[in-house]
file coords_10.csv (CSV, C-alpha atoms)
chain,number,residue,atom,x,y,z
A,243,MET,CA,-121.1,12.3,-152.8
A,244,ILE,CA,-121.1,8.8,-151.3
A,245,ASP,CA,-121.6,7.3,-154.8
A,246,LEU,CA,-118.5,9.3,-155.9
A,247,LEU,CA,-116.5,8.1,-153.0
A,248,ASN,CA,-117.6,4.5,-153.6
A,249,THR,CA,-116.5,4.8,-157.2
A,250,LEU,CA,-113.1,6.1,-156.1
A,251,ILE,CA,-112.5,3.4,-153.6
A,252,GLN,CA,-113.9,0.5,-155.6
A,253,GLY,CA,-110.5,-0.5,-156.8
A,254,VAL,CA,-109.1,-0.8,-153.2
A,255,ALA,CA,-112.3,-2.4,-151.9
A,256,SER,CA,-112.4,-5.1,-154.5
A,257,MET,CA,-108.8,-6.0,-154.5
A,258,THR,CA,-108.4,-9.7,-153.7
A,259,TRP,CA,-105.4,-11.2,-151.7
A,260,LYS,CA,-104.3,-13.0,-154.9
A,261,GLN,CA,-104.2,-9.7,-156.8
A,262,GLY,CA,-102.2,-8.2,-153.9
A,263,LEU,CA,-99.8,-11.1,-154.0
A,264,MET,CA,-99.3,-10.7,-157.7
A,265,ILE,CA,-98.6,-7.0,-157.3
A,266,VAL,CA,-96.0,-7.9,-154.7
A,267,ILE,CA,-94.5,-10.5,-157.1
A,268,GLY,CA,-94.4,-7.8,-159.8
A,269,LEU,CA,-92.5,-5.5,-157.3
A,270,VAL,CA,-90.1,-8.3,-156.5
A,271,LEU,CA,-89.3,-8.8,-160.2
A,272,ILE,CA,-88.7,-5.1,-160.6
A,273,TYR,CA,-86.4,-5.2,-157.5
A,274,LEU,CA,-84.5,-8.1,-159.0
A,275,ALA,CA,-84.1,-6.3,-162.3
A,276,ILE,CA,-82.9,-3.0,-160.8
A,277,LYS,CA,-81.1,-4.0,-157.6
A,278,LYS,CA,-79.7,-7.4,-158.7
A,279,GLU,CA,-79.6,-6.7,-162.4
A,280,TYR,CA,-81.1,-10.1,-163.2
A,281,GLU,CA,-82.2,-9.8,-166.9
A,282,PRO,CA,-83.4,-6.2,-166.3
A,283,MET,CA,-84.6,-5.8,-169.9
A,284,LEU,CA,-87.1,-8.6,-169.3
A,285,LEU,CA,-87.8,-8.8,-165.6
A,286,LEU,CA,-88.6,-5.1,-165.3
A,287,PRO,CA,-91.3,-5.0,-168.0
A,288,ILE,CA,-92.6,-8.4,-166.9
A,289,GLY,CA,-92.9,-7.1,-163.3
A,290,PHE,CA,-94.6,-3.9,-164.4
A,291,GLY,CA,-96.9,-5.8,-166.7
A,292,ALA,CA,-97.9,-8.0,-163.7
A,293,ILE,CA,-98.8,-4.9,-161.7
A,294,LEU,CA,-100.8,-3.3,-164.5
A,295,THR,CA,-102.8,-6.5,-165.1
A,296,ASN,CA,-103.6,-7.1,-161.4
A,297,ILE,CA,-104.9,-3.7,-160.5
A,298,PRO,CA,-108.7,-4.3,-160.0
A,299,PHE,CA,-110.7,-3.1,-163.1
A,300,SER,CA,-107.4,-2.3,-164.9
A,301,ALA,CA,-108.2,-0.6,-168.2
A,302,ALA,CA,-105.0,-2.0,-169.6
A,303,VAL,CA,-106.4,-5.6,-169.8
A,304,THR,CA,-110.0,-4.9,-170.9
A,305,GLU,CA,-110.9,-6.0,-174.5
A,306,GLU,CA,-109.7,-2.6,-175.8
A,307,GLY,CA,-106.9,-2.3,-173.3
A,308,PHE,CA,-103.4,-1.8,-174.7
A,309,LEU,CA,-102.0,-5.0,-173.1
A,310,SER,CA,-104.8,-7.1,-174.6
A,311,ILE,CA,-104.2,-5.6,-178.0
A,312,LEU,CA,-100.4,-6.3,-177.6
A,313,TYR,CA,-101.2,-9.9,-176.6
A,314,ASN,CA,-103.5,-10.5,-179.5
A,315,ALA,CA,-101.2,-8.9,-182.0
A,316,GLY,CA,-97.9,-10.1,-180.8
A,317,ILE,CA,-98.3,-13.4,-178.9
A,318,ARG,CA,-101.4,-15.0,-180.4
A,319,THR,CA,-100.0,-14.3,-183.9
A,320,GLU,CA,-96.5,-15.5,-182.8
A,321,LEU,CA,-95.2,-12.2,-184.2
A,322,PHE,CA,-93.1,-11.1,-181.2
A,323,PRO,CA,-91.1,-14.4,-180.9
A,324,ILE,CA,-90.5,-14.3,-184.6
A,325,LEU,CA,-89.2,-10.7,-184.5
A,326,ILE,CA,-87.0,-11.6,-181.6
A,327,PHE,CA,-85.6,-14.6,-183.6
A,328,ILE,CA,-84.7,-12.3,-186.4
A,329,ALA,CA,-82.9,-10.0,-184.0
A,330,VAL,CA,-81.1,-12.8,-182.3
A,331,GLY,CA,-80.1,-14.2,-185.6
A,332,ALA,CA,-78.6,-10.9,-186.5
A,333,MET,CA,-76.6,-11.0,-183.3
A,334,ILE,CA,-75.2,-14.5,-183.5
A,335,ASP,CA,-71.8,-15.1,-184.9
A,336,PHE,CA,-71.7,-18.7,-186.1
A,337,SER,CA,-67.9,-18.7,-186.7
A,338,PRO,CA,-66.9,-20.5,-183.4
A,339,LEU,CA,-69.4,-23.2,-184.3
A,340,LEU,CA,-68.3,-23.4,-188.0
A,341,LYS,CA,-64.6,-23.8,-186.9
A,342,GLN,CA,-65.5,-26.8,-184.6
A,343,PRO,CA,-68.8,-28.3,-185.9
A,344,VAL,CA,-68.4,-31.3,-183.6
A,345,MET,CA,-69.6,-28.9,-180.8
A,346,LEU,CA,-73.0,-29.2,-182.4
A,347,LEU,CA,-73.4,-32.6,-180.7
A,348,PHE,CA,-73.4,-30.8,-177.3
A,349,GLY,CA,-76.1,-28.5,-178.5
A,350,ALA,CA,-78.1,-31.6,-179.2
A,351,ALA,CA,-77.3,-33.5,-175.9
A,352,ALA,CA,-78.2,-30.5,-173.7
A,353,GLN,CA,-81.8,-30.5,-175.0
A,354,PHE,CA,-82.4,-33.7,-172.9
A,355,GLY,CA,-83.9,-31.5,-170.2
A,356,ILE,CA,-86.8,-30.5,-172.5
A,357,PHE,CA,-87.9,-34.1,-173.0
A,358,ALA,CA,-87.1,-35.2,-169.4
A,359,ALA,CA,-89.2,-32.2,-168.1
A,360,MET,CA,-92.0,-33.1,-170.6
A,361,LEU,CA,-92.0,-36.6,-169.2
A,362,LEU,CA,-92.2,-35.3,-165.6
A,363,ALA,CA,-95.1,-33.0,-166.5
A,364,ALA,CA,-97.0,-35.8,-168.2
A,365,ALA,CA,-96.3,-38.1,-165.2
A,366,THR,CA,-98.1,-35.7,-162.9
A,367,GLY,CA,-101.3,-36.4,-164.8
A,368,MET,CA,-102.3,-32.8,-164.5
A,369,PHE,CA,-101.3,-31.8,-168.1
A,370,SER,CA,-102.2,-32.9,-171.6
A,371,LEU,CA,-99.4,-34.1,-173.9
A,372,ARG,CA,-99.2,-30.7,-175.6
A,373,GLU,CA,-99.2,-28.8,-172.3
A,374,ALA,CA,-96.4,-31.1,-171.0
A,375,ALA,CA,-94.4,-30.4,-174.2
A,376,SER,CA,-94.9,-26.6,-173.6
A,377,ILE,CA,-93.7,-27.0,-170.0
A,378,GLY,CA,-90.7,-29.1,-171.1
A,379,ILE,CA,-89.7,-26.5,-173.6
A,380,ILE,CA,-88.8,-24.2,-170.7
A,381,GLY,CA,-85.6,-26.4,-170.8
A,382,ALA,CA,-84.8,-24.9,-174.2
A,383,ALA,CA,-83.3,-22.1,-172.1
A,384,ASP,CA,-84.5,-19.9,-174.9
A,385,GLY,CA,-87.4,-17.5,-174.1
A,386,PRO,CA,-88.7,-17.0,-177.7
A,387,THR,CA,-88.8,-20.8,-178.4
A,388,SER,CA,-90.7,-21.3,-175.2
A,389,ILE,CA,-93.2,-18.6,-176.1
A,390,TYR,CA,-93.5,-19.8,-179.6
A,391,VAL,CA,-94.4,-23.4,-178.5
A,392,ALA,CA,-96.5,-22.4,-175.5
A,393,SER,CA,-98.5,-19.9,-177.6
A,394,ARG,CA,-99.5,-22.8,-179.9
A,395,PHE,CA,-99.9,-25.6,-177.4
A,396,ALA,CA,-100.7,-24.2,-174.0
A,397,GLN,CA,-102.3,-20.7,-174.1
A,398,GLU,CA,-103.7,-21.3,-170.6
A,399,TYR,CA,-100.2,-21.8,-169.1
A,400,PHE,CA,-98.6,-19.2,-171.2
A,401,GLY,CA,-97.8,-16.8,-168.2
A,402,PRO,CA,-96.0,-19.3,-165.9
A,403,ILE,CA,-94.2,-20.9,-168.8
A,404,SER,CA,-92.8,-17.7,-170.2
A,405,VAL,CA,-92.0,-16.3,-166.7
A,406,ALA,CA,-90.2,-19.5,-165.8
A,407,ALA,CA,-88.2,-19.5,-169.1
A,408,TYR,CA,-87.0,-16.0,-168.7
A,409,SER,CA,-86.4,-16.1,-164.9
A,410,TYR,CA,-84.4,-19.3,-165.0
A,411,MET,CA,-82.3,-18.0,-167.8
A,412,SER,CA,-81.1,-15.3,-165.6
A,413,LEU,CA,-80.5,-17.9,-162.8
A,414,VAL,CA,-78.2,-20.0,-165.0
A,415,PRO,CA,-75.1,-18.9,-163.0
A,416,ILE,CA,-76.8,-20.3,-159.9
A,417,ILE,CA,-78.4,-23.4,-161.4
A,418,GLN,CA,-75.5,-24.9,-163.5
A,419,PRO,CA,-72.4,-24.9,-161.3
A,420,PRO,CA,-73.6,-27.3,-158.6
A,421,VAL,CA,-75.0,-29.7,-161.2
A,422,ILE,CA,-71.7,-29.6,-163.1
A,423,LYS,CA,-69.7,-30.1,-159.9
A,424,ALA,CA,-71.8,-33.0,-158.8
A,425,LEU,CA,-71.3,-34.8,-162.1
A,426,THR,CA,-67.6,-34.2,-162.7
A,427,THR,CA,-64.3,-34.8,-160.8
A,428,LYS,CA,-61.7,-32.2,-160.2
A,429,LYS,CA,-59.5,-34.1,-162.7
A,430,GLU,CA,-62.2,-33.9,-165.3
A,431,ARG,CA,-62.7,-30.2,-164.8
A,432,MET,CA,-59.0,-29.6,-165.3
A,433,ILE,CA,-58.9,-31.3,-168.8
A,434,ARG,CA,-57.4,-29.0,-171.3
A,435,MET,CA,-58.7,-28.8,-174.8
A,436,ASP,CA,-56.5,-27.9,-177.7
A,437,ALA,CA,-58.1,-26.6,-180.9
A,438,ASP,CA,-56.9,-24.8,-183.9
A,439,PHE,CA,-58.7,-21.5,-183.8
A,440,ASP,CA,-56.6,-20.0,-186.5
A,441,VAL,CA,-59.0,-21.6,-189.0
A,442,LYS,CA,-60.8,-18.9,-190.8
A,443,VAL,CA,-64.3,-19.1,-192.2
A,444,SER,CA,-64.9,-17.9,-195.7
A,445,LYS,CA,-67.7,-15.4,-196.4
A,446,LYS,CA,-69.3,-18.0,-198.7
A,447,VAL,CA,-69.7,-20.4,-195.9
A,448,LEU,CA,-71.1,-17.8,-193.6
A,449,ILE,CA,-73.7,-16.9,-196.2
A,450,LEU,CA,-74.6,-20.4,-197.3
A,451,PHE,CA,-74.9,-21.8,-193.7
A,452,PRO,CA,-78.1,-20.0,-192.7
A,453,ILE,CA,-79.7,-20.6,-196.1
A,454,LEU,CA,-78.9,-24.3,-196.2
A,455,VAL,CA,-79.9,-24.9,-192.5
A,456,THR,CA,-83.3,-23.3,-193.2
A,457,LEU,CA,-83.8,-25.5,-196.3
A,458,ILE,CA,-82.7,-28.7,-194.5
A,459,ALA,CA,-84.7,-28.0,-191.3
A,460,GLY,CA,-87.7,-26.8,-193.3
A,461,LEU,CA,-87.7,-29.9,-195.5
A,462,ILE,CA,-87.5,-32.2,-192.5
A,463,ALA,CA,-90.0,-30.4,-190.4
A,464,PRO,CA,-91.9,-27.7,-192.3
A,465,VAL,CA,-93.6,-26.6,-189.1
A,466,SER,CA,-90.2,-25.4,-187.8
A,467,VAL,CA,-89.7,-22.9,-190.7
A,468,GLY,CA,-91.1,-20.1,-188.6
A,469,LEU,CA,-88.5,-20.7,-185.8
A,470,VAL,CA,-85.5,-21.7,-187.8
A,471,GLY,CA,-86.2,-19.5,-190.8
A,472,SER,CA,-86.5,-16.2,-188.8
A,473,LEU,CA,-83.3,-16.9,-186.9
A,474,MET,CA,-81.4,-17.7,-190.0
A,475,PHE,CA,-82.9,-14.8,-191.9
A,476,GLY,CA,-81.6,-12.5,-189.2
A,477,ASN,CA,-78.2,-14.2,-189.5
A,478,LEU,CA,-78.2,-13.8,-193.3
A,479,ILE,CA,-78.8,-10.1,-193.0
A,480,ARG,CA,-75.8,-10.0,-190.7
A,481,GLU,CA,-73.4,-12.0,-192.8
A,482,CYS,CA,-74.4,-11.0,-196.4
A,483,GLY,CA,-72.3,-7.8,-196.0
A,484,VAL,CA,-74.6,-5.6,-198.0
A,485,LEU,CA,-77.3,-4.9,-195.4
A,486,GLU,CA,-75.3,-3.4,-192.6
A,487,ARG,CA,-78.0,-0.8,-191.7
A,488,LEU,CA,-80.7,-3.5,-191.5
A,489,SER,CA,-78.4,-5.8,-189.5
A,490,LYS,CA,-77.6,-3.0,-187.0
A,491,THR,CA,-81.3,-2.1,-186.8
A,492,ALA,CA,-82.2,-5.8,-186.1
A,493,GLN,CA,-79.5,-6.0,-183.5
A,494,ASN,CA,-80.4,-2.8,-181.7
A,495,GLU,CA,-83.7,-1.0,-182.4
A,496,LEU,CA,-85.7,-4.2,-183.3
A,497,THR,CA,-84.4,-6.1,-180.3
A,498,ASN,CA,-85.0,-3.3,-177.8
A,499,LEU,CA,-88.5,-2.5,-179.1
A,500,VAL,CA,-89.8,-6.1,-179.3
A,501,THR,CA,-88.2,-7.0,-175.9
A,502,LEU,CA,-89.9,-4.1,-174.3
A,503,LEU,CA,-93.3,-5.0,-175.8
A,504,LEU,CA,-92.8,-8.7,-175.2
A,505,GLY,CA,-91.8,-8.2,-171.6
A,506,ILE,CA,-94.8,-6.1,-170.6
A,507,THR,CA,-97.1,-8.4,-172.6
A,508,ILE,CA,-95.8,-11.5,-170.7
A,509,GLY,CA,-96.4,-9.7,-167.5
A,510,SER,CA,-100.0,-9.1,-168.5
A,511,THR,CA,-100.6,-12.8,-168.7
A,512,MET,CA,-99.8,-13.1,-164.9
A,513,VAL,CA,-103.4,-12.8,-164.0
A,514,ALA,CA,-103.9,-13.6,-160.2
A,515,ASN,CA,-106.7,-16.1,-160.6
A,516,LYS,CA,-104.8,-18.1,-163.2
A,517,PHE,CA,-101.3,-17.6,-161.8
A,518,ILE,CA,-101.7,-18.4,-158.1
A,519,ALA,CA,-102.5,-22.0,-158.5
A,520,TRP,CA,-100.8,-25.4,-157.9
A,521,ASP,CA,-100.4,-25.8,-161.6
A,522,THR,CA,-98.1,-22.7,-161.6
A,523,ILE,CA,-96.0,-23.9,-158.8
A,524,LEU,CA,-95.6,-27.3,-160.5
A,525,ILE,CA,-94.7,-25.6,-163.8
A,526,LEU,CA,-92.1,-23.4,-162.1
A,527,GLY,CA,-90.7,-26.5,-160.3
A,528,ILE,CA,-90.5,-28.7,-163.4
A,529,GLY,CA,-89.0,-25.8,-165.4
A,530,LEU,CA,-86.2,-25.5,-162.9
A,531,LEU,CA,-85.6,-29.3,-163.2
A,532,ALA,CA,-85.5,-28.9,-167.0
A,533,PHE,CA,-82.5,-26.7,-166.6
A,534,VAL,CA,-80.9,-29.2,-164.3
A,535,PHE,CA,-81.6,-32.0,-166.7
A,536,ASP,CA,-80.2,-30.0,-169.6
A,537,THR,CA,-77.0,-29.4,-167.8
A,538,ALA,CA,-76.7,-33.0,-166.7
A,539,GLY,CA,-77.5,-34.3,-170.2
A,540,GLY,CA,-74.7,-32.2,-171.7
A,541,VAL,CA,-72.1,-33.2,-169.1
A,542,LEU,CA,-73.0,-36.9,-169.1
A,543,PHE,CA,-72.9,-36.9,-172.9
A,544,ALA,CA,-69.4,-35.4,-172.9
A,545,LYS,CA,-68.3,-38.0,-170.4
A,546,PHE,CA,-69.8,-40.7,-172.6
A,547,LEU,CA,-67.9,-39.4,-175.6
A,548,ASN,CA,-64.7,-39.5,-173.5
A,549,LEU,CA,-65.0,-43.2,-173.2
A,550,PHE,CA,-64.2,-43.4,-176.9
A,551,LEU,CA,-62.0,-40.4,-177.5
A,552,LYS,CA,-58.2,-40.4,-177.4
A,553,LYS,CA,-58.1,-36.7,-176.8
A,554,LYS,CA,-60.6,-36.2,-174.0
A,555,VAL,CA,-63.0,-33.2,-173.9
A,556,ASN,CA,-63.6,-31.3,-170.7
A,557,PRO,CA,-67.1,-32.6,-169.8
A,558,MET,CA,-68.1,-29.1,-168.5
A,559,ILE,CA,-68.3,-28.1,-172.2
A,560,GLY,CA,-71.4,-30.3,-172.4
A,561,ALA,CA,-73.1,-28.0,-170.0
A,562,ALA,CA,-72.5,-25.1,-172.3
A,563,GLY,CA,-74.7,-26.8,-174.9
A,564,ILE,CA,-77.8,-25.0,-173.5
A,565,SER,CA,-79.1,-22.0,-175.3
A,566,ALA,CA,-78.4,-19.4,-172.6
A,567,PHE,CA,-75.7,-17.5,-174.5
A,568,PRO,CA,-73.1,-16.4,-173.5
A,569,MET,CA,-73.8,-17.0,-169.8
A,570,SER,CA,-73.3,-20.7,-169.9
A,571,ALA,CA,-70.0,-20.5,-171.8
A,572,ARG,CA,-68.7,-18.0,-169.3
A,573,ILE,CA,-69.7,-20.1,-166.3
A,574,VAL,CA,-67.8,-23.1,-167.8
A,575,GLN,CA,-64.7,-21.0,-168.4
A,576,ARG,CA,-64.9,-19.6,-164.9
A,577,MET,CA,-65.2,-23.1,-163.4
A,578,ALA,CA,-62.3,-24.4,-165.5
A,579,GLN,CA,-60.1,-21.5,-164.3
A,580,LYS,CA,-61.1,-22.0,-160.7
A,581,GLU,CA,-59.5,-25.5,-160.9
A,582,ASP,CA,-56.6,-24.4,-163.1
A,583,PRO,CA,-56.0,-20.7,-163.7
A,584,THR,CA,-54.1,-21.4,-166.9
A,585,ASN,CA,-56.8,-23.5,-168.5
A,586,PHE,CA,-58.6,-21.7,-171.3
A,587,ILE,CA,-61.7,-23.5,-172.8
A,588,LEU,CA,-63.8,-20.4,-173.5
A,589,MET,CA,-63.8,-20.8,-177.3
A,590,GLN,CA,-64.9,-24.4,-177.2
A,591,ALA,CA,-67.6,-23.5,-174.6
A,592,ILE,CA,-68.8,-20.7,-176.9
A,593,GLY,CA,-68.9,-23.1,-179.8
A,594,ALA,CA,-71.1,-25.4,-177.7
A,595,ASN,CA,-73.2,-22.5,-176.5
A,596,VAL,CA,-73.9,-21.3,-180.0
A,597,SER,CA,-74.8,-24.9,-180.9
A,598,GLY,CA,-77.2,-24.8,-178.0
A,599,GLN,CA,-79.1,-22.0,-179.8
A,600,ILE,CA,-79.5,-24.1,-182.9
A,601,GLY,CA,-80.2,-27.3,-180.8
A,602,SER,CA,-83.0,-25.5,-178.9
A,603,ILE,CA,-84.9,-24.3,-182.0
A,604,ILE,CA,-84.5,-27.7,-183.6
A,605,ALA,CA,-85.9,-29.3,-180.5
A,606,GLY,CA,-88.8,-26.8,-180.5
A,607,GLY,CA,-89.4,-27.5,-184.2
A,608,VAL,CA,-89.3,-31.3,-183.6
A,609,LEU,CA,-91.9,-30.9,-180.8
A,610,LEU,CA,-94.1,-28.8,-183.0
A,611,ALA,CA,-93.8,-31.4,-185.8
A,612,LEU,CA,-94.5,-34.4,-183.5
A,613,LEU,CA,-97.5,-32.9,-181.8
A,614,ALA,CA,-99.0,-30.8,-184.6
B,171,MET,CA,-99.9,-44.5,-167.9
B,172,GLU,CA,-100.8,-44.2,-171.6
B,173,LEU,CA,-99.8,-40.6,-171.6
B,174,VAL,CA,-96.5,-41.4,-170.0
B,175,LEU,CA,-95.8,-44.1,-172.5
B,176,GLU,CA,-96.7,-41.7,-175.4
B,177,THR,CA,-94.4,-39.1,-173.8
B,178,LEU,CA,-91.6,-41.6,-173.6
B,179,ARG,CA,-92.1,-42.4,-177.3
B,180,ILE,CA,-91.9,-38.7,-178.2
B,181,MET,CA,-88.9,-38.4,-176.0
B,182,GLY,CA,-87.1,-41.1,-177.9
B,183,VAL,CA,-88.2,-39.9,-181.3
B,184,GLY,CA,-87.5,-36.3,-180.4
B,185,MET,CA,-84.0,-36.7,-179.1
B,186,GLY,CA,-83.2,-39.1,-182.0
B,187,THR,CA,-84.5,-36.5,-184.5
B,188,VAL,CA,-82.5,-33.7,-182.8
B,189,PHE,CA,-79.3,-35.7,-183.0
B,190,ALA,CA,-80.0,-36.8,-186.6
B,191,VAL,CA,-80.6,-33.2,-187.7
B,192,ILE,CA,-77.5,-32.0,-185.9
B,193,ILE,CA,-75.4,-34.8,-187.5
B,194,ILE,CA,-76.7,-33.6,-190.9
B,195,PHE,CA,-75.6,-30.1,-190.0
B,196,ILE,CA,-72.1,-31.3,-188.9
B,197,VAL,CA,-71.7,-33.0,-192.3
B,198,LEU,CA,-73.0,-29.8,-194.0
B,199,VAL,CA,-70.5,-27.6,-192.2
B,200,ARG,CA,-67.6,-29.9,-192.9
B,201,GLY,CA,-68.6,-30.0,-196.5
B,202,LEU,CA,-69.0,-26.2,-196.8
B,203,MET,CA,-65.7,-25.6,-195.0
B,204,SER,CA,-63.8,-27.9,-197.4
B,205,LEU,CA,-65.7,-26.7,-200.5
B,206,PHE,CA,-65.2,-23.0,-199.8
B,207,PRO,CA,-62.0,-22.6,-197.8
B,208,TYR,CA,-61.0,-19.2,-196.6
B,209,LYS,CA,-58.8,-17.3,-199.1
B,210,GLU,CA,-56.4,-14.5,-198.0
B,211,GLU,CA,-58.0,-11.9,-200.3
B,212,GLU,CA,-61.2,-12.2,-198.4
call {"tool": "encode", "arguments": {"input": "coords_10.csv", "output": "structure tokens"}}
result
Amino acid sequence: MIDLLNTLIQGVASMTWKQGLMIVIGLVLIYLAIKKEYEPMLLLPIGFGAILTNIPFSAAVTEEGFLSILYNAGIRTELFPILIFIAVGAMIDFSPLLKQPVMLLFGAAAQFGIFAAMLLAAATGMFSLREAASIGIIGAADGPTSIYVASRFAQEYFGPISVAAYSYMSLVPIIQPPVIKALTTKKERMIRMDADFDVKVSKKVLILFPILVTLIAGLIAPVSVGLVGSLMFGNLIRECGVLERLSKTAQNELTNLVTLLLGITIGSTMVANKFIAWDTILILGIGLLAFVFDTAGGVLFAKFLNLFLKKKVNPMIGAAGISAFPMSARIVQRMAQKEDPTNFILMQAIGANVSGQIGSIIAGGVLLALLA
Amino acid sequence: MELVLETLRIMGVGMGTVFAVIIIFIVLVRGLMSLFPYKEEE
């Protein structure tokens, strides 16, 4: 009888404070997802995964546990991020970018945060170069890219990196405005941008764009083919016009299913002993700074361009060059209208924001190529 | 210190490569848009 009781209470008796804290963190993530609606599709599965993995003797994370199987099948093999890229590609409309290709420059400038954060991580002396790159890639503001790079270069820090990447993405509306405000004047925020949005994009261009981008990126950095190729494959399915069913499946069922599995698998990497450590706090801190540097890089680049341009750009557009789509573009538009309710820069901001999605995977691919 | 210097090198090469690829894409888009302009029947 006593043996039976001991077996029953062994979970409670062997719970460590770290596991208890991780379960509380899981509950907080679930609260944020449900009550505050911060990225609920991700934070809720991540939170629940964290709870499942930190229950003492959890059967979910043993060698045959379903979370271990999902991790080995979906993360170690890079399958989940690749599937997410296909789904994201099927959801992206590149037209705003094709109408104003110069916006691509902002998608490049706003990747500054990745490299600045990488430098910071390396300067701490606590991480190797590859680990520093994986921490820096949080600044891609693009969950799948962060997972893709971290799963190759920093399996040990996979949990904190992916949690930071997804959490900060949902906090973009809180992170970006103060940085933008600090770096711009009221006059700059009121700059109007005229553009001819009546330009229409032909079907041939929409079809050729993903194919040629894959070829060019692949030839420059073959290691980036997984990242760029899957995104552009999804986009080709969308634009070809003959695979509507597949396109809708990629946009809906595939996205939902993989997001669900990805979220709970990320949560399962939040193991107490590994997660509650100074390294984690440092990674979370540097990740936050990566988003700040991204925003600053984009805004300052726009201000730099304005030194040479006759027709000035609103420097806030630079901040929309990060990959968090469409949140960042909306923030920029909201800030512009706060200064001048008749100012409408949403289309330009969306162009920059879509560019950020391309910029982030290029930056990810470049890091993979440089550190392979 | 060596690690920081190496990271700085990667930072420079990395940002340079990102900009170079993006500029190639800008040229590509401009080329595509002028080669295949939108026609009304589309």
call {"tool": "interface_residues", "arguments": {"input": "coords_10.csv", "of": "chain B", "to": "chain A", "cutoff": "8 Å", "atoms": "all atoms listed in the file", "output": "ChimeraX atom specification"}}
result
/B:171,173-174,177-178,180-181,184-185,187-189,191-193,195-196,199-200,202-203,206-209,212
call {"tool": "residues_around", "arguments": {"input": "coords_10.csv", "residues": "region 317-324 of chain A", "least_positions_apart": "3", "cutoff": "9 Å", "atoms": "all atoms listed in the file", "output": "list in words"}}
result
Leu312, Tyr313, Asn314, Phe327, Ile328, Ala329, Gly385, Pro386, Thr387, Ser388, Ile389, Tyr390, Ser393, Arg394, Gln397, Gly468, Leu469, Ser472, Leu473, Val500, Thr501, Leu503, Leu504, Thr507 and Ile508 of chain A
call {"tool": "closest_residue", "arguments": {"input": "coords_10.csv", "among": "A:Leu547, A:Leu309, A:Leu610, A:Pro282", "to": "Leu294 (chain A)", "atoms": "only C-alpha atoms"}}
result
A:Leu309
call {"tool": "closest_residue", "arguments": {"input": "coords_10.csv", "among": "A:Val574, A:Ile379, A:Ile587, A:Leu286", "to": "Ile525 (chain A)", "atoms": "all atoms listed in the file"}}
result
A:Ile379
call {"tool": "residues_around", "arguments": {"input": "coords_10.csv", "residues": "Phe586 (chain A)", "least_positions_apart": "5", "cutoff": "9 Å", "atoms": "all atoms listed in the file", "output": "PyMOL selection string"}}
result
chain A and resi 434-435+575+578-579
call {"tool": "atom_distance", "arguments": {"input": "coords_10.csv", "atom1": "CA of Asp384 (chain A)", "atom2": "CA of Ser565 (chain A)"}}
result
5.8 Å
call {"tool": "residues_around", "arguments": {"input": "coords_10.csv", "residues": "region 485-495 of chain A", "least_positions_apart": "3", "cutoff": "9 Å", "atoms": "all atoms listed in the file", "output": "PyMOL selection string"}}
result
chain A and resi 325-326+328-333+476-482+498-500
call {"tool": "atom_distance", "arguments": {"input": "coords_10.csv", "atom1": "CA of Asp436 (chain A)", "atom2": "CA of Ala382 (chain A)"}}
result
28.7 Å
call {"tool": "atom_distance", "arguments": {"input": "coords_10.csv", "atom1": "CA of Gly201 (chain B)", "atom2": "CA of Ala544 (chain A)"}}
result
24.2 Å
call {"tool": "closest_residue", "arguments": {"input": "coords_10.csv", "among": "A:Ile528, A:Ala301, A:Ile449, A:Met411", "to": "Gly483 (chain A)", "atoms": "all atoms listed in the file"}}
result
A:Ile449
call {"tool": "closest_residue", "arguments": {"input": "coords_10.csv", "among": "A:Ser466, A:Tyr408, A:Leu457, A:Phe336", "to": "Ala594 (chain A)", "atoms": "only C-alpha atoms"}}
result
A:Phe336
call {"tool": "build_atoms", "arguments": {"input": "coords_10.csv", "residues": "region 189-196 of chain B", "atoms": "N, CA and C atoms", "output": "short mmCIF file (atom, residue, chain, number, x, y, z; two decimals), in the frame of the given file"}}
result
data_model
loop_
_atom_site.label_atom_id
_atom_site.label_comp_id
_atom_site.auth_asym_id
_atom_site.auth_seq_id
_atom_site.Cartn_x
_atom_site.Cartn_y
_atom_site.Cartn_z
N PHE B 189 -80.68 -35.25 -182.71
CA PHE B 189 -79.30 -35.70 -183.00
C PHE B 189 -79.12 -35.94 -184.51
N ALA B 190 -80.15 -36.52 -185.16
CA ALA B 190 -80.00 -36.80 -186.60
C ALA B 190 -79.85 -35.48 -187.37
N VAL B 191 -80.66 -34.48 -187.04
CA VAL B 191 -80.60 -33.20 -187.70
C VAL B 191 -79.20 -32.54 -187.46
N ILE B 192 -78.76 -32.64 -186.22
CA ILE B 192 -77.50 -32.00 -185.90
C ILE B 192 -76.33 -32.73 -186.63
N ILE B 193 -76.42 -34.04 -186.76
CA ILE B 193 -75.40 -34.80 -187.50
C ILE B 193 -75.38 -34.32 -188.98
N ILE B 194 -76.57 -34.11 -189.52
CA ILE B 194 -76.70 -33.60 -190.90
C ILE B 194 -75.96 -32.22 -190.98
N PHE B 195 -76.19 -31.39 -189.97
CA PHE B 195 -75.60 -30.10 -190.00
C PHE B 195 -74.03 -30.15 -189.86
N ILE B 196 -73.57 -31.13 -189.07
CA ILE B 196 -72.10 -31.30 -188.90
C ILE B 196 -71.51 -31.64 -190.30
#
